[in-house]
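Colleague: Following this line is model.pdb, made up of PDB, C-alpha atoms, pLDDT in the B column:
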ATOM      1  CA  MET A 265       0.390  13.978   9.511  1.00 63.00           C
ATOM      2  CA  GLU A 266      -0.581  16.562   6.930  1.00 77.00           C
ATOM      3  CA  ALA A 267      -0.417  20.338   6.989  1.00 77.00           C
ATOM      4  CA  SER A 268      -1.049  23.116   4.508  1.00 86.00           C
ATOM      5  CA  ASN A 269       1.763  25.378   3.318  1.00 84.00           C
ATOM      6  CA  GLU A 270       0.382  28.167   5.469  1.00 87.00           C
ATOM      7  CA  GLU A 271       0.398  25.952   8.589  1.00 84.00           C
ATOM      8  CA  CYS A 272       3.980  24.882   7.850  1.00 82.00           C
ATOM      9  CA  MET A 273       5.047  28.504   7.511  1.00 84.00           C
ATOM     10  CA  VAL A 274       3.446  29.405  10.854  1.00 84.00           C
ATOM     11  CA  ILE A 275       5.214  26.506  12.570  1.00 83.00           C
ATOM     12  CA  ALA A 276       8.531  27.447  10.959  1.00 83.00           C
ATOM     13  CA  GLU A 277       8.123  31.030  12.161  1.00 82.00           C
ATOM     14  CA  LEU A 278       7.361  29.850  15.702  1.00 78.00           C
ATOM     15  CA  VAL A 279      10.472  27.659  15.690  1.00 76.00           C
ATOM     16  CA  ARG A 280      12.567  30.554  14.389  1.00 75.00           C
ATOM     17  CA  LEU A 281      11.237  32.787  17.166  1.00 70.00           C
ATOM     18  CA  LEU A 282      11.882  30.069  19.718  1.00 67.00           C
ATOM     19  CA  PHE A 283      15.570  30.047  18.896  1.00 70.00           C
ATOM     20  CA  HIS A 284      15.939  33.798  18.582  1.00 67.00           C
ATOM     21  CA  GLN A 285      18.234  34.724  21.477  1.00 62.00           C
ATOM     22  CA  SER A 286      16.456  37.883  22.598  1.00 62.00           C
ATOM     23  CA  LEU A 287      12.985  36.288  22.682  1.00 62.00           C
ATOM     24  CA  ARG A 288      13.982  33.019  24.370  1.00 62.00           C
ATOM     25  CA  MET A 289      13.589  34.384  27.912  1.00 64.00           C
ATOM     26  CA  TYR A 290       9.997  35.450  27.141  1.00 66.00           C
ATOM     27  CA  ILE A 291       8.841  32.359  25.245  1.00 65.00           C
ATOM     28  CA  PHE A 292      10.175  29.474  27.380  1.00 68.00           C
ATOM     29  CA  PRO A 293       8.187  30.289  30.554  1.00 74.00           C
ATOM     30  CA  HIS A 294       4.964  30.268  28.511  1.00 71.00           C
ATOM     31  CA  LEU A 295       5.872  26.963  26.859  1.00 74.00           C
ATOM     32  CA  TRP A 296       6.434  25.378  30.282  1.00 72.00           C
ATOM     33  CA  LYS A 297       3.012  26.618  31.439  1.00 79.00           C
ATOM     34  CA  ILE A 298       1.372  25.125  28.361  1.00 78.00           C
ATOM     35  CA  GLN A 299       3.161  21.797  28.896  1.00 77.00           C
ATOM     36  CA  ARG A 300       2.079  21.693  32.554  1.00 78.00           C
ATOM     37  CA  GLY A 301      -1.516  22.295  31.467  1.00 75.00           C
ATOM     38  CA  VAL A 302      -1.337  19.491  28.897  1.00 74.00           C
ATOM     39  CA  SER A 303       0.146  17.080  31.453  1.00 74.00           C
ATOM     40  CA  SER A 304      -2.471  18.018  34.031  1.00 72.00           C
ATOM     41  CA  ALA A 305      -5.325  17.479  31.568  1.00 68.00           C
ATOM     42  CA  ARG A 306      -3.935  14.072  30.587  1.00 64.00           C
ATOM     43  CA  SER A 307      -3.671  13.091  34.262  1.00 62.00           C
ATOM     44  CA  ASP A 308      -7.253  14.208  34.952  1.00 59.00           C
ATOM     45  CA  ASP A 309      -8.506  12.153  32.004  1.00 62.00           C
ATOM     46  CA  THR A 310      -6.900   8.916  33.181  1.00 65.00           C
ATOM     47  CA  LYS A 311      -8.019   9.435  36.787  1.00 67.00           C
ATOM     48  CA  SER A 312     -11.647   9.749  35.771  1.00 71.00           C
ATOM     49  CA  LEU A 313     -11.539   6.730  33.444  1.00 73.00           C
ATOM     50  CA  LYS A 314     -10.632   4.030  35.993  1.00 74.00           C
ATOM     51  CA  GLY A 315     -14.093   3.797  37.567  1.00 78.00           C
ATOM     52  CA  VAL A 316     -15.953   4.463  34.317  1.00 79.00           C
ATOM     53  CA  VAL A 317     -14.215   1.562  32.571  1.00 79.00           C
ATOM     54  CA  LEU A 318     -15.202  -0.783  35.412  1.00 83.00           C
ATOM     55  CA  ASP A 319     -18.831   0.313  35.101  1.00 82.00           C
ATOM     56  CA  TRP A 320     -18.661  -0.258  31.351  1.00 82.00           C
ATOM     57  CA  ILE A 321     -17.157  -3.771  31.385  1.00 84.00           C
ATOM     58  CA  CYS A 322     -18.959  -5.172  34.414  1.00 83.00           C
ATOM     59  CA  PRO A 323     -22.444  -4.553  35.843  1.00 75.00           C
ATOM     60  CA  ARG A 324     -22.343  -3.440  39.495  1.00 74.00           C
ATOM     61  CA  ASP A 325     -24.144  -6.547  40.819  1.00 80.00           C
ATOM     62  CA  ILE A 326     -21.802  -9.033  39.074  1.00 81.00           C
ATOM     63  CA  PRO A 327     -18.297  -9.351  40.568  1.00 83.00           C
ATOM     64  CA  LEU A 328     -15.301  -9.200  38.260  1.00 86.00           C
ATOM     65  CA  HIS A 329     -12.822 -12.051  38.637  1.00 85.00           C
ATOM     66  CA  PRO A 330     -10.093 -11.287  39.470  1.00 88.00           C
ATOM     67  CA  PRO A 331     -11.368  -8.047  41.005  1.00 87.00           C
ATOM     68  CA  LEU A 332     -10.133  -4.611  39.920  1.00 85.00           C
ATOM     69  CA  SER A 333      -9.922  -1.596  42.198  1.00 82.00           C
ATOM     70  CA  ARG A 334     -11.680   1.622  41.181  1.00 79.00           C
ATOM     71  CA  ASN A 335      -8.682   3.806  42.034  1.00 77.00           C
ATOM     72  CA  ILE A 336      -5.611   1.686  41.178  1.00 78.00           C
ATOM     73  CA  LYS A 337      -4.343   1.144  37.626  1.00 75.00           C
ATOM     74  CA  ALA A 338      -2.200  -1.907  38.434  1.00 80.00           C
ATOM     75  CA  ASN A 339      -3.157  -5.226  36.823  1.00 82.00           C
ATOM     76  CA  ARG A 340      -5.298  -3.610  34.127  1.00 83.00           C
ATOM     77  CA  GLY A 341      -4.920  -3.663  30.377  1.00 85.00           C
ATOM     78  CA  PHE A 342      -3.352  -6.830  29.007  1.00 87.00           C
ATOM     79  CA  HIS A 343      -2.536  -7.980  32.562  1.00 88.00           C
ATOM     80  CA  HIS A 344      -6.207  -8.722  33.355  1.00 88.00           C
ATOM     81  CA  PRO A 345      -8.236 -11.389  31.487  1.00 90.00           C
ATOM     82  CA  VAL A 346     -11.357  -9.243  30.954  1.00 88.00           C
ATOM     83  CA  THR A 347      -9.645  -5.980  29.970  1.00 87.00           C
ATOM     84  CA  GLY A 348      -7.060  -7.916  27.941  1.00 89.00           C
ATOM     85  CA  ALA A 349      -9.822  -9.618  25.944  1.00 89.00           C
ATOM     86  CA  LEU A 350     -11.401  -6.211  25.235  1.00 88.00           C
ATOM     87  CA  LEU A 351      -8.063  -4.784  24.068  1.00 89.00           C
ATOM     88  CA  CYS A 352      -7.232  -7.801  21.887  1.00 90.00           C
ATOM     89  CA  PRO A 353      -7.421  -7.010  18.135  1.00 91.00           C
ATOM     90  CA  ALA A 354     -10.617  -8.293  16.495  1.00 89.00           C
ATOM     91  CA  GLY A 355      -8.817 -10.805  14.262  1.00 89.00           C
ATOM     92  CA  LEU A 356      -7.110 -12.574  17.181  1.00 90.00           C
ATOM     93  CA  ASP A 357      -8.485 -14.928  19.827  1.00 90.00           C
ATOM     94  CA  TRP A 358      -7.542 -13.748  23.322  1.00 89.00           C
ATOM     95  CA  LYS A 359      -7.926 -17.272  24.721  1.00 88.00           C
ATOM     96  CA  ASP A 360      -5.452 -18.740  22.203  1.00 88.00           C
ATOM     97  CA  PRO A 361      -2.002 -18.745  23.895  1.00 82.00           C
ATOM     98  CA  GLY A 362      -0.161 -19.143  20.581  1.00 71.00           C
TER      99      GLY A 362
END
What would the structure in this file look like if it were written as structure tokens?
Modeller:
Amino acid sequence: MEASNEECMVIAELVRLLFHQSLRMYIFPHLWKIQRGVSSARSDDTKSLKGVVLDWICPRDIPLHPPLSRNIKANRGFHHPVTGALLCPAGLDWKDPG
């Protein structure tokens, strides 16, 4: 990660303010609100991706074997043969057990 001197100074000032005793009671509630917003956005992103990924890897008229549910994340990723093959690095063969 890279940052300019000016960006480093701004971050250092924010950290200094964070630990300043008299400002702590004003800053922490805002930080918690920001963190909740970030977590909520991340959750929304993953919820919307489950069905989209299925549409991308498998045409609607061809069944996926073993099947994957549109609203459950279990058995996806490296746990499923189709999604595992798509996640496998290009230099490796997914079908090679070694």
Colleague: Expand the PyMOL selection byres ((chain A and resi 321-338) around 12) into the individual residues it matches in the shown file, reporting them as a list in words.
Modeller: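 Applied to this file, the PyMOL selection byres ((chain A and resi 321-338) around 12) selects Thr310, Lys311, Ser312, Leu313, Lys314, Gly315, Val316, Val317, Leu318, Asp319, Trp320, Asn339, Arg340, Gly341, Phe342, His343, His344, Pro345, Val346, Thr347, Gly348, Ala349, Leu350 and Leu351 of chain A.
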Colleague: Go ahead and write the residues just picked, C-alpha atoms, as a tab-separated table (two decimals), in the coordinates of the input.
Modeller:
chain	number	residue	atom	x	y	z
A	310	THR	CA	-6.90	8.92	33.18
A	311	LYS	CA	-8.02	9.44	36.79
A	312	SER	CA	-11.65	9.75	35.77
A	313	LEU	CA	-11.54	6.73	33.44
A	314	LYS	CA	-10.63	4.03	35.99
A	315	GLY	CA	-14.09	3.80	37.57
A	316	VAL	CA	-15.95	4.46	34.32
A	317	VAL	CA	-14.22	1.56	32.57
A	318	LEU	CA	-15.20	-0.78	35.41
A	319	ASP	CA	-18.83	0.31	35.10
A	320	TRP	CA	-18.66	-0.26	31.35
A	339	ASN	CA	-3.16	-5.23	36.82
A	340	ARG	CA	-5.30	-3.61	34.13
A	341	GLY	CA	-4.92	-3.66	30.38
A	342	PHE	CA	-3.35	-6.83	29.01
A	343	HIS	CA	-2.54	-7.98	32.56
A	344	HIS	CA	-6.21	-8.72	33.35
A	345	PRO	CA	-8.24	-11.39	31.49
A	346	VAL	CA	-11.36	-9.24	30.95
A	347	THR	CA	-9.64	-5.98	29.97
A	348	GLY	CA	-7.06	-7.92	27.94
A	349	ALA	CA	-9.82	-9.62	25.94
A	350	LEU	CA	-11.40	-6.21	25.24
A	351	LEU	CA	-8.06	-4.78	24.07
Colleague: Measure the distance from CA of Leu278 (chain A) to CA of Trp296 (chain A) in Å and round it to one decimal.
Modeller: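 Between CA of Leu278 (chain A) and CA of Trp296 (chain A) the gap works out to 15.3 Å.
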Colleague: How far is it from CA of Lys297 (chain A) to CA of Arg280 (chain A), in Å with one decimal?
Modeller: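 That distance, rounded to one decimal, is 19.9 Å.
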Colleague: Please, what distance in Å, to one decimal, runs between CA of Val279 (chain A) and CA of Leu295 (chain A)?
Modeller: 12.1 Å
